[in-house]
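Undergrad: Got my_file_9.csv for you, CSV, C-alpha atoms:
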```csv
chain,number,residue,atom,x,y,z
A,3,MET,CA,32.2,-21.5,34.8
A,4,LYS,CA,29.0,-19.9,35.9
A,5,THR,CA,30.5,-16.4,35.3
A,6,PHE,CA,31.5,-17.5,31.7
A,7,LEU,CA,28.1,-18.8,30.9
A,8,PHE,CA,26.5,-15.7,32.3
A,9,LEU,CA,28.8,-13.6,30.0
A,10,VAL,CA,27.9,-15.7,27.0
A,11,PHE,CA,24.2,-15.4,27.7
A,12,ALA,CA,24.6,-11.6,28.2
A,13,VAL,CA,26.4,-11.2,24.9
A,14,SER,CA,24.1,-13.5,23.0
A,15,SER,CA,21.1,-11.7,24.4
A,16,ALA,CA,22.5,-8.3,23.5
A,17,PHE,CA,23.5,-9.4,19.9
A,18,PRO,CA,19.9,-9.4,18.5
A,19,ALA,CA,19.5,-5.8,19.6
A,20,PHE,CA,22.8,-4.9,18.1
A,21,ALA,CA,21.8,-6.6,14.8
A,22,ALA,CA,18.4,-5.0,14.8
A,23,LYS,CA,17.3,-2.7,12.1
A,24,GLN,CA,19.4,0.4,11.6
A,25,TYR,CA,16.8,2.6,9.9
A,26,SER,CA,13.9,4.5,11.4
A,27,TYR,CA,10.5,4.7,9.7
A,28,PHE,CA,7.5,6.9,10.5
A,29,ARG,CA,4.3,6.9,8.6
A,30,VAL,CA,1.0,8.8,8.8
A,31,GLY,CA,-2.2,8.2,6.8
A,32,ASN,CA,-3.2,4.9,5.4
A,33,PRO,CA,-0.9,2.1,6.6
A,34,ASN,CA,-1.6,0.2,3.4
A,35,ASP,CA,0.3,1.1,0.2
A,36,VAL,CA,-1.5,2.0,-3.0
A,37,THR,CA,-0.3,2.2,-6.6
A,38,THR,CA,-1.3,5.3,-8.5
A,39,SER,CA,-0.4,6.9,-11.9
A,40,THR,CA,2.4,9.3,-11.5
A,41,THR,CA,3.8,12.2,-13.6
A,42,ALA,CA,7.6,12.6,-13.7
A,43,GLY,CA,9.2,15.8,-12.4
A,44,THR,CA,12.1,17.2,-10.5
A,45,ALA,CA,11.8,19.7,-7.6
A,46,LEU,CA,15.0,21.5,-6.5
A,47,GLU,CA,14.6,23.7,-3.4
A,48,GLY,CA,17.4,26.1,-2.3
A,49,GLY,CA,17.1,25.5,1.4
A,50,GLY,CA,15.9,27.7,4.2
A,51,THR,CA,12.1,27.9,4.9
A,52,ASP,CA,10.3,25.3,2.8
A,53,VAL,CA,8.1,26.4,-0.1
A,54,ASP,CA,4.6,25.0,0.3
A,55,ALA,CA,4.0,25.0,-3.5
A,56,LEU,CA,6.8,22.6,-4.1
A,57,TYR,CA,5.2,19.8,-2.0
A,58,GLN,CA,1.8,20.5,-3.4
A,59,TRP,CA,3.2,20.2,-6.9
A,60,MET,CA,4.9,16.9,-6.1
A,61,CYS,CA,1.7,15.6,-4.5
A,62,GLY,CA,-0.3,16.4,-7.6
A,63,ARG,CA,2.2,14.5,-9.7
A,64,SER,CA,2.0,11.5,-7.3
A,65,GLY,CA,-1.6,10.8,-8.1
A,66,ASN,CA,-2.3,11.1,-4.3
A,67,GLY,CA,-0.2,8.0,-3.7
A,68,ASP,CA,2.4,7.5,-1.0
A,69,PHE,CA,4.8,10.4,-0.4
A,70,LEU,CA,8.2,9.4,1.1
A,71,VAL,CA,10.9,11.6,2.6
A,72,ILE,CA,14.3,10.1,3.1
A,73,ARG,CA,17.2,11.5,5.1
A,74,ALA,CA,20.3,10.3,7.0
A,75,THR,CA,19.6,12.2,10.2
A,76,GLY,CA,16.8,14.2,11.8
A,77,THR,CA,13.2,13.6,12.6
A,78,ASP,CA,9.8,13.0,11.0
A,79,ALA,CA,8.9,16.7,11.1
A,80,TYR,CA,8.0,16.7,7.4
A,81,ASN,CA,5.1,14.2,7.9
A,82,PRO,CA,2.6,16.6,9.5
A,83,TYR,CA,3.8,19.5,7.3
A,84,ILE,CA,3.2,17.6,4.1
A,85,GLN,CA,0.0,15.9,5.3
A,86,GLN,CA,-1.5,19.4,6.0
A,87,LEU,CA,-0.5,20.6,2.5
A,88,CYS,CA,-1.6,17.3,0.8
A,89,PRO,CA,-4.6,15.9,2.8
A,90,ASN,CA,-5.5,13.6,-0.1
A,91,GLU,CA,-2.2,11.7,-0.2
A,92,ASN,CA,-2.6,8.0,0.7
A,93,SER,CA,0.3,8.3,3.2
A,94,ILE,CA,3.2,10.5,4.2
A,95,ALA,CA,6.3,8.7,5.6
A,96,THR,CA,9.8,9.5,6.6
A,97,LEU,CA,12.6,7.0,6.3
A,98,ILE,CA,15.9,7.7,8.1
A,99,ILE,CA,18.8,5.8,6.6
A,100,PRO,CA,21.9,6.6,8.7
A,101,ASN,CA,24.5,4.2,7.4
A,102,ARG,CA,25.3,1.7,4.7
A,103,THR,CA,23.9,-1.2,6.7
A,104,ALA,CA,20.5,0.5,6.8
A,105,ALA,CA,20.9,1.4,3.1
A,106,SER,CA,21.2,-2.4,2.3
A,107,ASP,CA,18.2,-3.4,4.3
A,108,PRO,CA,15.5,-5.0,2.1
A,109,PHE,CA,12.8,-3.0,3.9
A,110,VAL,CA,14.5,0.3,3.0
A,111,ALA,CA,14.7,-0.6,-0.7
A,112,SER,CA,11.2,-1.8,-0.9
A,113,THR,CA,9.8,1.2,0.9
A,114,ILE,CA,11.5,3.5,-1.6
A,115,GLN,CA,10.3,1.3,-4.5
A,116,ASN,CA,6.7,1.7,-3.3
A,117,ALA,CA,6.7,5.5,-3.2
A,118,GLU,CA,4.8,7.7,-5.7
A,119,ALA,CA,6.7,10.8,-4.7
A,120,LEU,CA,10.1,11.0,-3.0
A,121,PHE,CA,11.9,13.9,-1.4
A,122,ILE,CA,15.4,14.1,0.0
A,123,ALA,CA,15.6,16.3,3.0
A,124,GLY,CA,18.4,18.7,3.9
A,125,GLY,CA,21.4,17.8,6.1
A,126,ASP,CA,24.8,16.9,4.9
A,127,GLN,CA,25.3,15.6,1.4
A,128,SER,CA,28.4,13.8,2.3
A,129,ASP,CA,26.2,11.5,4.4
A,130,TYR,CA,24.1,10.7,1.3
A,131,ILE,CA,27.2,10.0,-0.8
A,132,ASN,CA,29.0,8.0,2.0
A,133,PHE,CA,25.9,6.1,3.2
A,134,TRP,CA,23.8,5.6,0.0
A,135,LYS,CA,25.9,5.7,-3.1
A,136,GLY,CA,26.6,2.2,-4.5
A,137,THR,CA,23.8,0.7,-2.3
A,138,PRO,CA,20.3,-0.5,-3.0
A,139,VAL,CA,19.1,3.0,-2.0
A,140,GLU,CA,20.8,4.4,-5.1
A,141,THR,CA,19.3,1.6,-7.3
A,142,ALA,CA,15.8,2.1,-5.9
A,143,LEU,CA,16.0,5.9,-6.4
A,144,ASN,CA,17.0,5.4,-10.1
A,145,ASN,CA,14.2,2.9,-10.5
A,146,LEU,CA,11.7,5.5,-9.3
A,147,ILE,CA,13.0,8.1,-11.7
A,148,ALA,CA,12.8,5.6,-14.6
A,149,ARG,CA,9.2,4.8,-13.6
A,150,GLY,CA,8.2,8.5,-13.8
A,151,VAL,CA,7.9,9.2,-10.1
A,152,PRO,CA,8.4,12.9,-9.1
A,153,ILE,CA,11.6,13.4,-7.0
A,154,GLY,CA,12.8,16.4,-5.1
A,155,GLY,CA,15.3,17.7,-2.6
A,156,THR,CA,16.2,20.7,-0.5
A,157,SER,CA,19.7,22.0,0.4
A,158,ALA,CA,21.9,18.8,0.7
A,159,GLY,CA,19.0,16.9,-0.9
A,160,MET,CA,19.1,19.2,-3.8
A,161,ASN,CA,22.9,18.9,-4.1
A,162,VAL,CA,22.8,15.2,-4.9
A,163,LEU,CA,20.1,15.4,-7.7
A,164,SER,CA,22.3,16.9,-10.4
A,165,GLN,CA,24.7,14.8,-12.4
A,166,PHE,CA,27.8,16.6,-11.0
A,167,ILE,CA,27.8,17.0,-7.2
A,168,TYR,CA,29.6,19.1,-4.7
A,169,SER,CA,29.9,16.2,-2.3
A,170,ALA,CA,31.3,18.1,0.8
A,171,LEU,CA,33.4,15.2,2.0
A,172,ALA,CA,35.9,17.5,3.8
A,173,SER,CA,35.6,18.7,7.4
A,174,GLN,CA,33.8,21.9,6.4
A,175,GLY,CA,32.1,23.5,3.4
A,176,VAL,CA,34.1,25.7,1.1
A,177,THR,CA,33.4,29.4,0.9
A,178,SER,CA,33.6,31.6,-2.2
A,179,SER,CA,36.7,33.4,-1.0
A,180,GLN,CA,38.5,30.1,-0.4
A,181,ALA,CA,37.5,28.7,-3.8
A,182,LEU,CA,38.4,31.8,-5.7
A,183,ALA,CA,41.8,32.0,-4.0
A,184,ASP,CA,42.5,28.3,-4.8
A,185,PRO,CA,40.0,26.3,-6.9
A,186,PHE,CA,41.8,23.2,-5.7
A,187,ASN,CA,41.1,24.1,-2.1
A,188,LYS,CA,41.1,21.0,0.2
A,189,TYR,CA,37.4,21.7,1.0
A,190,ILE,CA,36.3,21.2,-2.6
A,191,THR,CA,35.3,17.6,-3.2
A,192,LEU,CA,33.3,16.6,-6.3
A,193,ASP,CA,31.4,13.5,-7.3
A,194,GLU,CA,29.0,12.5,-10.1
A,195,ASN,CA,26.2,10.2,-11.2
A,196,PHE,CA,24.4,9.4,-7.9
A,197,VAL,CA,21.0,9.6,-9.6
A,198,ASN,CA,20.1,9.8,-13.3
A,199,ILE,CA,17.7,12.6,-14.0
A,200,ALA,CA,17.7,13.4,-17.7
A,201,THR,CA,16.8,17.1,-17.3
A,202,VAL,CA,19.8,17.9,-15.1
A,203,GLN,CA,22.5,15.9,-16.9
A,204,GLY,CA,25.6,17.9,-17.5
A,205,VAL,CA,24.8,20.2,-14.5
A,206,ILE,CA,26.1,20.8,-11.0
A,207,ASP,CA,23.8,22.6,-8.6
A,208,ASP,CA,24.1,24.7,-5.4
A,209,PRO,CA,21.5,25.8,-2.9
A,210,HIS,CA,21.5,28.8,-0.4
A,211,PHE,CA,23.1,30.7,-3.4
A,212,VAL,CA,22.6,34.4,-2.7
A,213,THR,CA,22.1,34.1,1.0
A,214,ARG,CA,25.5,32.5,1.5
A,215,ASP,CA,27.3,34.3,-1.3
A,216,ARG,CA,28.2,31.2,-3.4
A,217,MET,CA,28.8,32.7,-6.8
A,218,GLY,CA,32.6,32.5,-6.4
A,219,ARG,CA,32.6,28.9,-5.3
A,220,ASP,CA,30.3,27.9,-8.2
A,221,LEU,CA,32.7,29.4,-10.7
A,222,ALA,CA,35.4,27.2,-9.1
A,223,PHE,CA,33.1,24.2,-9.3
A,224,LEU,CA,32.6,24.9,-13.0
A,225,CYS,CA,36.3,25.1,-13.7
A,226,ARG,CA,36.9,21.8,-11.9
A,227,VAL,CA,34.1,20.1,-13.8
A,228,TYR,CA,35.8,21.2,-17.0
A,229,LEU,CA,39.3,20.0,-15.9
A,230,ASN,CA,37.8,16.7,-14.8
A,231,GLY,CA,36.8,16.1,-18.3
A,232,TRP,CA,33.1,15.8,-17.3
A,233,SER,CA,31.9,18.6,-19.5
A,234,SER,CA,33.4,20.9,-22.1
A,235,LEU,CA,30.6,23.5,-21.4
A,236,PRO,CA,29.9,23.2,-17.7
A,237,ARG,CA,26.5,24.3,-16.4
A,238,ASP,CA,25.2,25.2,-13.0
A,239,ILE,CA,21.8,25.6,-11.4
A,240,ALA,CA,22.0,27.8,-8.4
A,241,ILE,CA,19.0,28.5,-6.2
A,242,ASP,CA,18.5,30.9,-3.4
A,243,GLU,CA,16.8,30.1,-0.1
A,244,GLN,CA,13.0,30.0,0.2
A,245,THR,CA,12.9,29.3,-3.5
A,246,ALA,CA,12.4,26.2,-5.7
A,247,LEU,CA,12.6,25.2,-9.3
A,248,LEU,CA,10.0,22.8,-10.6
A,249,ILE,CA,11.0,20.9,-13.7
A,250,ASP,CA,8.8,18.8,-15.9
A,251,ALA,CA,9.9,15.9,-18.0
A,252,ARG,CA,10.6,18.1,-21.0
A,253,GLY,CA,13.0,20.3,-19.0
A,254,ASN,CA,10.6,23.2,-18.5
A,255,GLY,CA,11.3,24.9,-15.2
A,256,THR,CA,9.2,27.4,-13.2
A,257,VAL,CA,10.0,29.1,-10.0
A,258,VAL,CA,8.0,29.2,-6.8
A,259,GLY,CA,9.0,31.0,-3.6
A,260,ASN,CA,10.4,34.3,-2.6
A,261,SER,CA,13.7,34.7,-4.4
A,262,THR,CA,15.7,33.8,-7.6
A,263,VAL,CA,17.2,31.0,-9.6
A,264,TYR,CA,20.4,31.3,-11.6
A,265,PHE,CA,21.5,29.3,-14.6
A,266,LEU,CA,25.3,29.5,-15.2
A,267,GLN,CA,27.2,28.3,-18.3
A,268,ALA,CA,30.9,28.5,-18.8
A,269,PRO,CA,32.1,29.2,-22.4
A,270,GLY,CA,34.7,26.5,-22.3
A,271,ALA,CA,38.2,26.2,-20.7
A,272,PRO,CA,39.1,28.4,-17.7
A,273,GLN,CA,42.0,30.8,-18.3
A,274,VAL,CA,43.8,29.9,-15.0
A,275,CYS,CA,42.5,27.1,-12.9
A,276,GLN,CA,45.4,25.4,-11.0
A,277,PRO,CA,46.3,24.6,-7.4
A,278,ASN,CA,47.4,27.4,-5.0
A,279,THR,CA,46.6,30.1,-7.7
A,280,PRO,CA,43.7,32.5,-7.7
A,281,LEU,CA,41.0,31.6,-10.3
A,282,THR,CA,40.7,33.3,-13.6
A,283,TYR,CA,37.6,32.2,-15.5
A,284,GLN,CA,36.0,34.8,-17.7
A,285,ASN,CA,32.6,35.4,-19.3
A,286,ILE,CA,30.5,32.9,-17.4
A,287,GLY,CA,27.0,33.3,-18.8
A,288,VAL,CA,24.3,34.0,-16.2
A,289,GLN,CA,20.5,33.9,-16.6
A,290,ARG,CA,18.4,34.8,-13.6
A,291,ILE,CA,14.7,34.3,-13.2
A,292,ASP,CA,12.1,34.7,-10.4
A,293,SER,CA,8.5,33.5,-10.2
A,294,THR,CA,7.6,35.6,-13.3
A,295,GLY,CA,10.1,33.7,-15.5
A,296,THR,CA,10.4,30.3,-17.0
A,297,PHE,CA,13.5,28.3,-18.2
A,298,ASN,CA,14.0,25.3,-20.5
A,299,LEU,CA,17.0,23.3,-19.3
A,300,ILE,CA,17.3,21.5,-22.6
A,301,LYS,CA,17.5,24.7,-24.7
A,302,TRP,CA,19.2,26.5,-21.8
A,303,THR,CA,17.1,29.6,-22.4
A,304,GLY,CA,14.0,31.1,-20.8
A,305,THR,CA,11.4,33.9,-20.6
A,306,ASN,CA,11.6,37.0,-18.5
A,307,VAL,CA,15.3,36.3,-18.0
A,308,THR,CA,17.9,38.8,-16.8
A,309,SER,CA,21.1,37.9,-18.7
A,310,TYR,CA,24.7,39.0,-17.9
A,311,THR,CA,28.2,37.5,-17.5
A,312,VAL,CA,30.3,37.1,-14.5
A,313,SER,CA,34.1,36.8,-14.5
A,314,ALA,CA,36.8,35.9,-12.0
A,315,ASN,CA,40.1,37.6,-12.6
A,316,ALA,CA,42.9,36.5,-10.3
A,317,GLY,CA,40.2,35.6,-7.7
A,318,VAL,CA,38.2,38.8,-8.0
A,319,LEU,CA,34.6,38.7,-9.3
A,320,SER,CA,33.0,41.3,-11.6
A,321,SER,CA,30.0,41.3,-13.8
A,322,THR,CA,28.5,43.1,-16.8
A,323,GLN,CA,25.4,44.2,-14.8
A,324,PRO,CA,24.9,47.9,-14.3
A,325,GLY,CA,26.8,48.7,-11.1
A,326,GLY,CA,28.8,45.4,-11.4
A,327,GLY,CA,26.6,43.3,-9.0
A,328,ILE,CA,27.3,39.6,-9.3
A,329,TYR,CA,23.7,38.6,-8.3
```
Write the structure described by the file as structure tokens, please.
TA:
Amino acid sequence: MKTFLFLVFAVSSAFPAFAAKQYSYFRVGNPNDVTTSTTAGTALEGGGTDVDALYQWMCGRSGNGDFLVIRATGTDAYNPYIQQLCPNENSIATLIIPNRTAASDPFVASTIQNAEALFIAGGDQSDYINFWKGTPVETALNNLIARGVPIGGTSAGMNVLSQFIYSALASQGVTSSQALADPFNKYITLDENFVNIATVQGVIDDPHFVTRDRMGRDLAFLCRVYLNGWSSLPRDIAIDEQTALLIDARGNGTVVGNSTVYFLQAPGAPQVCQPNTPLTYQNIGVQRIDSTGTFNLIKWTGTNVTSYTVSANAGVLSSTQPGGGIY
């Protein structure tokens, strides 16, 4: 009997720890929230080394309020980095939301709701879809967007900000060669409508674009978006590493960082897009800009743009650029 009571006590004592909060929260700066006037905007970063100007742009639009980074794994390493770039922010905080239990915690939702700028860190976008979609986190993010709070993301965090999403739910990411050989490759998983940002509706996006040679897989994504009935003229924003696209509420985008941003538009239906068959999708319009150019996402045209087309023919890419380069 004594042994039984001891076990009951041990289990009951351990249960509160098991039931304790599932999230982690780290904050620097003023511990008290403020409410400031914000300016809407979307910051898409292509992964790799962070671009300082992106965070300064978001801080400016936050009205020096409370800047929140959310992620599913990782550390609070963004806190000192952003605080150095934005010393006038009221606070910088990181909220780690590693499962659906954490995503349903009232503290998590209220912390997101109190932010004047929100940034989704890199990692694995399948975590964000699996852990956050359909939870109060998704609701809180969309409430921020509706309120005109600037929102941004890098790498996986960038992936989930467009209407159409490469969700990466499979055991590994798909490569261009795999996607071109079979646009229904088992590693291609797509989703939609995690957040509702007006300027990137009708778009799928992809980071690490040139660095990881992702043109081929993006053409496969476009063909799948079309076949899903999501868009009759699929579009894609593809951003290289160490580069970001800063988009205002009217859809005007400017580039900061060291490389390039690509805007792809398919002309309609693919010629051949079926399982176990190399992709044929011709005349995908490409517009490329760097920090000297601008682009309006509503009009889908820009200034200082290099324009050409890319085609996949039986899984082989070509382009109309001199020399045939796809980038």
Undergrad: Would you list the residues near (25.5, 15.3, -11.3), meaning any protein, DNA or RNA residue with an atom at most 9 Å from that point in file coordinates, counting only C-alpha atoms, as a VMD selection string?
TA: chain A and resid 161 to 168 193 to 199 202 to 207
Undergrad: Taking (33.2, 21.3, -23.2) in the file's coordinates as the center, which residues reach within 12 Å of it, counting all atoms listed in the file, put as a list in words?
TA: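 Neighbouring residues, ordered by chain and number, come to Gly204, Leu224, Cys225, Arg226, Val227, Tyr228, Leu229, Asn230, Gly231, Trp232, Ser233, Ser234, Leu235, Pro236, Arg237, Gln267, Ala268, Pro269, Gly270, Ala271 and Pro272 of chain A.
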Undergrad: Have a look at CA of Thr294 (chain A) and CA of Thr245 (chain A) and let me know their distance in Å, one decimal.
TA: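 So the answer is 12.8 Å.
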Undergrad: Report the distance between CA of Ser178 (chain A) and CA of Ile249 (chain A) in Å, rounded to one decimal place.
TA: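 If I compute the distance from CA of Ser178 (chain A) to CA of Ile249 (chain A), I get 27.5 Å.
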Undergrad: Skip Thr77 (chain A) itself and residues of its chain fewer than 4 positions away, then list as a PyMOL selection string all residues within 9 Å of it, counting all atoms listed in the file.
TA: chain A and resi 73+96+98
Undergrad: Near Asp52 (chain A), counting all atoms listed in the file, which residues have an atom at most 9 Å away, once you skip same-chain residues fewer than 2 positions from it, shown as a list in words?
TA: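 Listing them by chain and then by number gives Glu47, Gly48, Gly49, Gly50, Asp54, Ala55, Leu56, Tyr57, Thr156, Glu243, Gln244, Thr245, Ala246 and Gly259 of chain A.
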